[in-house]
$ cat query18.json   # JSON, C-alpha atoms
[["chain", "number", "residue", "atom", "x", "y", "z"],
["A", 290, "PRO", "CA", 20.55, -14.61, -8.19],
["A", 291, "SER", "CA", 22.64, -11.78, -6.81],
["A", 292, "TYR", "CA", 24.32, -10.68, -10.03],
["A", 293, "LEU", "CA", 22.51, -7.33, -10.01],
["A", 294, "LEU", "CA", 23.24, -6.74, -6.32],
["A", 295, "ASP", "CA", 26.88, -7.86, -6.38],
["A", 296, "SER", "CA", 27.96, -5.28, -8.94],
["A", 297, "LYS", "CA", 31.41, -4.70, -7.41],
["A", 298, "ARG", "CA", 32.41, -8.27, -8.24],
["A", 299, "VAL", "CA", 30.30, -8.98, -11.30],
["A", 300, "ILE", "CA", 30.90, -5.89, -13.46],
["A", 301, "PRO", "CA", 34.72, -6.15, -13.54],
["A", 302, "ARG", "CA", 34.50, -9.88, -14.26],
["A", 303, "LEU", "CA", 32.06, -9.37, -17.11],
["A", 304, "LYS", "CA", 34.23, -6.68, -18.69],
["A", 305, "SER", "CA", 37.26, -8.92, -18.39],
["A", 306, "VAL", "CA", 35.62, -12.01, -19.89],
["A", 307, "PHE", "CA", 33.40, -10.33, -22.50],
["A", 308, "PRO", "CA", 35.23, -7.30, -23.96],
["A", 309, "TRP", "CA", 32.42, -6.43, -26.37],
["A", 310, "ASP", "CA", 28.98, -4.85, -26.16],
["A", 311, "MET", "CA", 26.67, -7.17, -24.25],
["A", 312, "LYS", "CA", 22.90, -7.24, -23.93],
["A", 313, "PHE", "CA", 21.44, -7.38, -20.44],
["A", 314, "PHE", "CA", 18.02, -8.31, -19.07],
["A", 315, "VAL", "CA", 16.83, -7.13, -15.68],
["A", 316, "MET", "CA", 13.64, -8.76, -14.41],
["A", 317, "MET", "CA", 12.10, -7.00, -11.41],
["A", 318, "ARG", "CA", 9.09, -7.94, -9.32],
["A", 319, "ASP", "CA", 7.18, -6.31, -6.49],
["A", 320, "PRO", "CA", 9.97, -6.09, -3.87],
["A", 321, "VAL", "CA", 7.60, -6.94, -1.02],
["A", 322, "ARG", "CA", 6.53, -10.16, -2.71],
["A", 323, "ARG", "CA", 10.13, -10.79, -3.72],
["A", 324, "ALA", "CA", 11.23, -10.53, -0.07],
["A", 325, "GLY", "CA", 8.52, -12.94, 1.06],
["A", 326, "SER", "CA", 9.45, -15.40, -1.67],
["A", 327, "HIS", "CA", 13.16, -15.13, -0.86],
["A", 328, "TYR", "CA", 12.57, -15.81, 2.83],
["A", 329, "ALA", "CA", 10.27, -18.76, 2.11],
["A", 330, "MET", "CA", 12.73, -20.30, -0.33],
["A", 331, "VAL", "CA", 15.85, -20.19, 1.85],
["A", 332, "THR", "CA", 14.03, -21.34, 5.00],
["A", 333, "SER", "CA", 12.27, -24.22, 3.25],
["A", 334, "MET", "CA", 13.54, -27.68, 4.19],
["A", 335, "GLU", "CA", 12.33, -29.13, 0.90],
["A", 336, "GLY", "CA", 14.99, -29.85, -1.70],
["A", 337, "THR", "CA", 18.18, -31.76, -2.26],
["A", 338, "PRO", "CA", 21.10, -31.57, 0.20],
["A", 339, "ALA", "CA", 22.97, -29.40, -2.31],
["A", 340, "GLN", "CA", 20.03, -26.98, -2.58],
["A", 341, "LEU", "CA", 19.69, -26.74, 1.20],
["A", 342, "GLU", "CA", 23.40, -26.00, 1.56],
["A", 343, "VAL", "CA", 23.33, -23.24, -1.05],
["A", 344, "ARG", "CA", 20.33, -21.59, 0.63],
["A", 345, "GLY", "CA", 22.19, -21.28, 3.93],
["A", 346, "LYS", "CA", 21.04, -21.73, 7.51],
["A", 347, "GLU", "CA", 21.20, -18.16, 8.78],
["A", 348, "TRP", "CA", 17.45, -17.45, 8.63],
["A", 349, "ARG", "CA", 15.98, -20.86, 9.41],
["A", 350, "GLU", "CA", 15.36, -20.14, 13.08],
["A", 351, "LYS", "CA", 14.22, -16.56, 12.52],
["A", 352, "SER", "CA", 10.81, -15.16, 11.63],
["A", 353, "LEU", "CA", 10.43, -12.95, 8.56],
["A", 354, "TRP", "CA", 10.05, -9.94, 10.85],
["A", 355, "GLU", "CA", 13.28, -10.80, 12.67],
["A", 356, "VAL", "CA", 15.14, -11.06, 9.36],
["A", 357, "VAL", "CA", 13.70, -7.72, 8.20],
["A", 358, "GLN", "CA", 14.94, -6.05, 11.38],
["A", 359, "GLN", "CA", 18.34, -7.69, 11.08],
["A", 360, "GLU", "CA", 18.71, -6.55, 7.48],
["A", 361, "LEU", "CA", 17.66, -3.00, 8.34],
["A", 362, "SER", "CA", 20.26, -2.90, 11.12],
["A", 363, "LYS", "CA", 22.98, -3.88, 8.64],
["A", 364, "MET", "CA", 21.90, -1.15, 6.23],
["A", 365, "ASP", "CA", 21.67, 1.39, 9.03],
["A", 366, "GLU", "CA", 25.17, 0.47, 10.23],
["A", 367, "CYS", "CA", 26.47, 1.26, 6.74],
["A", 368, "GLY", "CA", 24.65, 4.61, 6.58],
["A", 369, "LEU", "CA", 22.44, 3.36, 3.74],
["A", 370, "ILE", "CA", 19.00, 4.31, 5.11],
["A", 371, "PRO", "CA", 19.26, 7.71, 6.86],
["A", 372, "TYR", "CA", 15.71, 8.48, 5.73],
["A", 373, "TRP", "CA", 14.10, 5.45, 7.41],
["A", 374, "ASN", "CA", 12.85, 5.32, 11.00],
["A", 375, "ILE", "CA", 13.28, 1.64, 11.78],
["A", 376, "GLN", "CA", 11.20, 1.65, 14.94],
["A", 377, "ASP", "CA", 8.24, 3.60, 13.57],
["A", 378, "GLY", "CA", 8.46, 2.41, 9.97],
["A", 379, "ILE", "CA", 8.27, 5.91, 8.51],
["A", 380, "VAL", "CA", 10.27, 7.44, 5.67],
["A", 381, "ASP", "CA", 11.45, 11.05, 5.70],
["A", 382, "GLN", "CA", 10.79, 11.87, 2.07],
["A", 383, "ASP", "CA", 12.92, 15.03, 2.05],
["A", 384, "ILE", "CA", 15.97, 13.16, 3.32],
["A", 385, "PHE", "CA", 15.28, 10.34, 0.86],
["A", 386, "ASN", "CA", 15.10, 12.78, -2.06],
["A", 387, "ARG", "CA", 18.44, 14.37, -1.11],
["A", 388, "PHE", "CA", 20.15, 11.03, -0.44],
["A", 389, "ALA", "CA", 18.98, 8.97, -3.43],
["A", 390, "GLY", "CA", 21.63, 9.05, -6.15],
["A", 391, "SER", "CA", 24.07, 11.09, -4.06],
["A", 392, "SER", "CA", 27.77, 10.42, -3.44],
["A", 393, "GLN", "CA", 26.81, 9.62, 0.15],
["A", 394, "GLU", "CA", 24.51, 6.86, -1.05],
["A", 395, "ASP", "CA", 27.25, 5.50, -3.31],
["A", 396, "GLU", "CA", 29.65, 5.38, -0.38],
["A", 397, "ALA", "CA", 27.12, 3.67, 1.89],
["A", 398, "TRP", "CA", 26.16, 1.21, -0.85],
["A", 399, "ASN", "CA", 29.78, 0.20, -1.43],
["A", 400, "LYS", "CA", 30.23, -0.26, 2.29],
["A", 401, "TYR", "CA", 27.18, -2.52, 2.39],
["A", 402, "LEU", "CA", 28.41, -4.61, -0.56],
["A", 403, "ASN", "CA", 31.82, -5.03, 1.02],
["A", 404, "ARG", "CA", 30.42, -6.12, 4.38],
["A", 405, "HIS", "CA", 27.19, -7.96, 3.73],
["A", 406, "VAL", "CA", 27.28, -9.78, 0.37],
["A", 407, "PRO", "CA", 28.79, -13.22, 1.08],
["A", 408, "LEU", "CA", 29.43, -15.95, -1.47],
["A", 409, "ASN", "CA", 28.60, -19.03, 0.61],
["A", 410, "THR", "CA", 24.89, -18.61, 1.32],
["A", 411, "GLY", "CA", 21.64, -17.38, -0.19],
["A", 412, "SER", "CA", 20.40, -16.00, 3.13],
["A", 413, "TYR", "CA", 21.33, -12.34, 2.71],
["A", 414, "GLY", "CA", 20.07, -9.18, 1.06],
["A", 415, "LEU", "CA", 16.38, -9.70, 1.83],
["A", 416, "LEU", "CA", 15.66, -5.99, 1.34],
["A", 417, "THR", "CA", 18.58, -4.68, -0.70],
["A", 418, "ARG", "CA", 17.83, -7.11, -3.54],
["A", 419, "GLY", "CA", 14.49, -5.31, -3.90],
["A", 420, "MET", "CA", 16.05, -1.81, -3.91],
["A", 421, "TYR", "CA", 16.28, -1.83, -7.69],
["A", 422, "ALA", "CA", 17.17, 1.80, -8.34],
["A", 423, "VAL", "CA", 20.29, 1.79, -6.18],
["A", 424, "GLN", "CA", 21.32, -1.59, -7.61],
["A", 425, "LEU", "CA", 20.97, -0.36, -11.20],
["A", 426, "ARG", "CA", 23.00, 2.83, -10.83],
["A", 427, "PRO", "CA", 26.46, 1.13, -10.89],
["A", 428, "TRP", "CA", 25.42, -0.89, -13.93],
["A", 429, "PHE", "CA", 24.28, 2.19, -15.79],
["A", 430, "ARG", "CA", 27.57, 3.91, -14.99],
["A", 431, "ALA", "CA", 29.51, 0.92, -16.32],
["A", 432, "PHE", "CA", 27.42, 0.22, -19.44],
["A", 433, "SER", "CA", 25.16, 2.13, -21.81],
["A", 434, "ARG", "CA", 21.47, 2.10, -20.89],
["A", 435, "ASP", "CA", 20.53, 0.86, -24.34],
["A", 436, "GLN", "CA", 22.30, -2.41, -23.54],
["A", 437, "PHE", "CA", 19.59, -3.16, -20.95],
["A", 438, "LEU", "CA", 16.04, -4.35, -21.22],
["A", 439, "CYS", "CA", 14.31, -3.84, -17.88],
["A", 440, "LEU", "CA", 11.07, -5.71, -17.28],
["A", 441, "ARG", "CA", 8.51, -6.23, -14.55],
["A", 442, "LEU", "CA", 7.73, -9.85, -13.78],
["A", 443, "GLU", "CA", 4.07, -8.92, -13.41],
["A", 444, "SER", "CA", 3.97, -7.84, -17.07],
["A", 445, "MET", "CA", 4.26, -11.50, -18.04],
["A", 446, "LYS", "CA", 0.81, -11.97, -16.53],
["A", 447, "TYR", "CA", -0.89, -8.72, -17.51],
["A", 448, "ASP", "CA", 0.62, -8.14, -20.97],
["A", 449, "GLY", "CA", 1.11, -11.80, -21.83],
["A", 450, "VAL", "CA", 4.21, -13.87, -22.45],
["A", 451, "PRO", "CA", 4.20, -13.34, -26.27],
["A", 452, "ALA", "CA", 4.26, -9.55, -25.87],
["A", 453, "ILE", "CA", 7.15, -9.66, -23.42],
["A", 454, "MET", "CA", 9.07, -12.15, -25.53],
["A", 455, "GLN", "CA", 8.70, -9.84, -28.53],
["A", 456, "LEU", "CA", 10.55, -7.20, -26.49],
["A", 457, "VAL", "CA", 13.24, -9.78, -25.72],
["A", 458, "TRP", "CA", 13.73, -10.75, -29.37],
["A", 459, "ASP", "CA", 13.81, -7.10, -30.41],
["A", 460, "HIS", "CA", 16.45, -6.34, -27.77],
["A", 461, "LEU", "CA", 18.58, -9.19, -29.11],
["A", 462, "ASP", "CA", 17.98, -8.23, -32.75],
["A", 463, "LEU", "CA", 16.61, -11.70, -33.37],
["A", 464, "PRO", "CA", 13.45, -12.85, -35.15],
["A", 465, "ASN", "CA", 10.48, -13.83, -33.05],
["A", 466, "HIS", "CA", 10.43, -17.42, -31.87],
["A", 467, "PRO", "CA", 6.99, -18.51, -30.56],
["A", 468, "VAL", "CA", 6.75, -19.76, -26.99],
["A", 469, "HIS", "CA", 4.43, -22.74, -26.95],
["A", 470, "ASP", "CA", 4.41, -23.42, -23.20],
["A", 471, "GLU", "CA", 3.52, -20.27, -21.24],
["A", 472, "SER", "CA", 2.90, -21.99, -17.90],
["A", 473, "ALA", "CA", 4.78, -20.75, -14.83],
["A", 474, "LYS", "CA", 7.88, -22.71, -13.85],
["A", 475, "ASN", "CA", 9.80, -23.17, -10.60],
["A", 476, "THR", "CA", 6.82, -22.12, -8.47],
["A", 477, "ARG", "CA", 5.93, -23.00, -4.89],
["A", 478, "GLU", "CA", 3.21, -22.28, -2.35],
["A", 479, "TYR", "CA", 4.01, -19.75, 0.37],
["A", 480, "GLN", "CA", 2.36, -18.78, 3.61],
["A", 481, "SER", "CA", 0.62, -15.42, 3.45],
["A", 482, "MET", "CA", 2.71, -12.58, 4.83],
["A", 483, "ASP", "CA", 1.59, -11.03, 8.10],
["A", 484, "PRO", "CA", -0.40, -7.90, 7.09],
["A", 485, "GLN", "CA", 1.53, -5.67, 9.49],
["A", 486, "VAL", "CA", 4.89, -6.83, 8.15],
["A", 487, "GLU", "CA", 3.58, -6.39, 4.59],
["A", 488, "SER", "CA", 2.45, -2.85, 5.40],
["A", 489, "TYR", "CA", 5.83, -2.01, 6.92],
["A", 490, "LEU", "CA", 7.68, -3.30, 3.86],
["A", 491, "GLN", "CA", 5.38, -1.47, 1.47],
["A", 492, "ARG", "CA", 6.16, 1.80, 3.23],
["A", 493, "PHE", "CA", 9.87, 1.04, 3.05],
["A", 494, "PHE", "CA", 9.94, 0.15, -0.64],
["A", 495, "GLN", "CA", 7.48, 2.68, -2.02],
["A", 496, "PRO", "CA", 9.93, 5.61, -2.39],
["A", 497, "HIS", "CA", 12.51, 3.28, -3.94],
["A", 498, "ASN", "CA", 9.96, 2.02, -6.45],
["A", 499, "ARG", "CA", 9.04, 5.55, -7.44],
["A", 500, "THR", "CA", 12.62, 6.50, -8.29],
["A", 501, "LEU", "CA", 12.86, 3.82, -10.97],
["A", 502, "ALA", "CA", 11.43, 6.03, -13.71],
["A", 503, "SER", "CA", 14.23, 8.58, -13.30],
["A", 504, "VAL", "CA", 16.95, 5.92, -13.01],
["A", 505, "LEU", "CA", 15.64, 4.10, -16.10],
["A", 506, "GLU", "CA", 15.03, 7.42, -17.87],
["A", 507, "ASP", "CA", 11.60, 6.06, -18.69],
["A", 508, "ASP", "CA", 8.67, 8.20, -17.59],
["A", 509, "SER", "CA", 6.03, 5.78, -18.84],
["A", 510, "LYS", "CA", 3.16, 4.86, -16.54],
["A", 511, "GLU", "CA", 4.66, 1.40, -16.02],
["A", 512, "TRP", "CA", 7.72, 2.79, -14.22],
["A", 513, "ARG", "CA", 6.42, 5.93, -12.49],
["A", 514, "ASP", "CA", 4.85, 3.75, -9.81],
["A", 515, "PRO", "CA", 5.53, 0.17, -10.89],
["A", 516, "TRP", "CA", 4.01, -1.53, -7.84],
["A", 517, "PRO", "CA", 1.38, 0.84, -6.43],
["A", 518, "TYR", "CA", 0.43, 0.02, -2.86],
["A", 519, "ALA", "CA", -2.86, 0.86, -1.23],
["A", 520, "GLU", "CA", -2.91, 3.19, 1.76],
["A", 521, "VAL", "CA", -1.07, 1.42, 4.55],
["A", 522, "SER", "CA", -0.89, 1.85, 8.29],
["A", 523, "ARG", "CA", 2.00, 3.82, 9.74],
["A", 524, "ARG", "CA", 3.24, 1.27, 12.27],
["A", 525, "VAL", "CA", 3.83, -2.42, 12.61]]
$ encode --input "query18.json" --output "structure tokens"
Amino acid sequence: PSYLLDSKRVIPRLKSVFPWDMKFFVMMRDPVRRAGSHYAMVTSMEGTPAQLEVRGKEWREKSLWEVVQQELSKMDECGLIPYWNIQDGIVDQDIFNRFAGSSQEDEAWNKYLNRHVPLNTGSYGLLTRGMYAVQLRPWFRAFSRDQFLCLRLESMKYDGVPAIMQLVWDHLDLPNHPVHDESAKNTREYQSMDPQVESYLQRFFQPHNRTLASVLEDDSKEWRDPWPYAEVSRRV
């Protein structure tokens, strides 16, 4: 859900309801694949009436590319992506390096949260939900880093469910409890993403992905470049 994104609402509520040290889990996946999955889910007409209502109607008549452009315009309006050339799909790495983690980014991020995180639909935040570093910063200011276990969804596949669950039990200070059914749940088939849109999104997310190691204070290989993308074209 949008708990990680909606930090301005969620953090004060958590502190009010649970005035003790909590343990948090943050599961992240390749933000390009996450965006494609998000779009496919909320535009799908399969599901119960209640599910369809929660997903929202805002994106149903729009292509993925149209939603990407709409979301970028919202971020640009808030001053959140001064490093990104929307038309050409090119990042200015020097501007990104100066902006990431700055007070200017904090101000722009808060403006975005105030304007573009509604409560009555799931059709929002296609790109910002995949900008993990900027989402995590408010949480790490509000809570100690050792209260968090941050994981990549892909590690479930490559390292195995038992290995990841051992990390979970250790984080909770609980004994290991075997998982007998490791099959994927809540899955669906999606159309393949247009290669040009995929390339554009990979260029957008790559610098964000590479800042995770510093934000997590974890310089392991897993987080230095958690979702490495092949060389991609420079334009959609």
$ residues_around --input "query18.json" --residues "A:Val356" --least-positions-apart "4" --cutoff "10 Å" --atoms "only C-alpha atoms" --output "ChimeraX atom specification"
/A:328,347-352,360-362,412-416
$ closest_atom_pairs --input "query18.json" --of "stretch 324-406 of chain A" --to "stretch 419-437 of chain A" --cutoff "10 Å" --atoms "all atoms listed in the file" --output "CSV"
residue,atom,partner,partner_atom,distance
A:Ala324,CA,A:Gly419,CA,7.2
A:Ala389,CA,A:Val423,CA,7.8
A:Gly390,CA,A:Val423,CA,7.4
A:Glu394,CA,A:Val423,CA,8.4
A:Asp395,CA,A:Val423,CA,8.4
A:Trp398,CA,A:Val423,CA,7.9
$ write_last_selection --input "query18.json" --atoms "C-alpha atoms" --output "JSON list (two decimals), in the coordinates of the input"
[["chain", "number", "residue", "atom", "x", "y", "z"],
["A", 324, "ALA", "CA", 11.23, -10.53, -0.07],
["A", 389, "ALA", "CA", 18.98, 8.97, -3.43],
["A", 390, "GLY", "CA", 21.63, 9.05, -6.15],
["A", 394, "GLU", "CA", 24.51, 6.86, -1.05],
["A", 395, "ASP", "CA", 27.25, 5.50, -3.31],
["A", 398, "TRP", "CA", 26.16, 1.21, -0.85]]
$ residues_around --input "query18.json" --residues "A:Val450" --least-positions-apart "4" --cutoff "10 Å" --atoms "only C-alpha atoms" --output "VMD selection string"
chain A and resid 444 to 446 454 to 455 467 to 472
$ axis_aligned_box --input "query18.json" --around "stretch 378-394 of chain A" --padding-each-side "3 Å" --output "lines of an AutoDock Vina configuration file"
center_x = 18.0
center_y = 8.7
center_z = 1.9
size_x = 25.5
size_y = 18.6
size_z = 22.1
$ closest_residue --input "query18.json" --among "A:Cys439, A:Ala329, A:Trp458, A:Met334" --to "A:Leu501" --atoms "all atoms listed in the file"
A:Cys439
$ atom_distance --input "query18.json" --atom1 "atom CA of A:Lys346" --atom2 "atom CA of A:Arg298"
23.6 Å
$ closest_residue --input "query18.json" --among "A:Glu487, A:Asp514, A:Asp365, A:Asp383" --to "A:Thr417" --atoms "only C-alpha atoms"
A:Asp365
$ closest_residue --input "query18.json" --among "A:Leu402, A:Ile375, A:Ile384, A:Met364" --to "A:Val299" --atoms "all atoms listed in the file"
A:Leu402
$ residues_around --input "query18.json" --residues "stretch 371-373 of chain A" --least-positions-apart "5" --cutoff "6 Å" --atoms "only C-alpha atoms" --output "ChimeraX atom specification"
/A:379-381,384-385
$ closest_residue --input "query18.json" --among "A:Arg499, A:Ser296, A:Leu369, A:Val486" --to "A:Ser392" --atoms "all atoms listed in the file"
A:Leu369
$ atom_distance --input "query18.json" --atom1 "atom CA of A:Val331" --atom2 "atom CA of A:Pro515"
26.1 Å
$ closest_residue --input "query18.json" --among "A:Thr410, A:Thr500, A:Ser481, A:Gln495" --to "A:Asp319" --atoms "all atoms listed in the file"
A:Gln495
$ closest_residue --input "query18.json" --among "A:Leu490, A:Val343, A:Val306, A:Ile453" --to "A:Asp377" --atoms "only C-alpha atoms"
A:Leu490
$ atom_distance --input "query18.json" --atom1 "atom CA of A:Arg344" --atom2 "atom CA of A:Val357"
17.1 Å
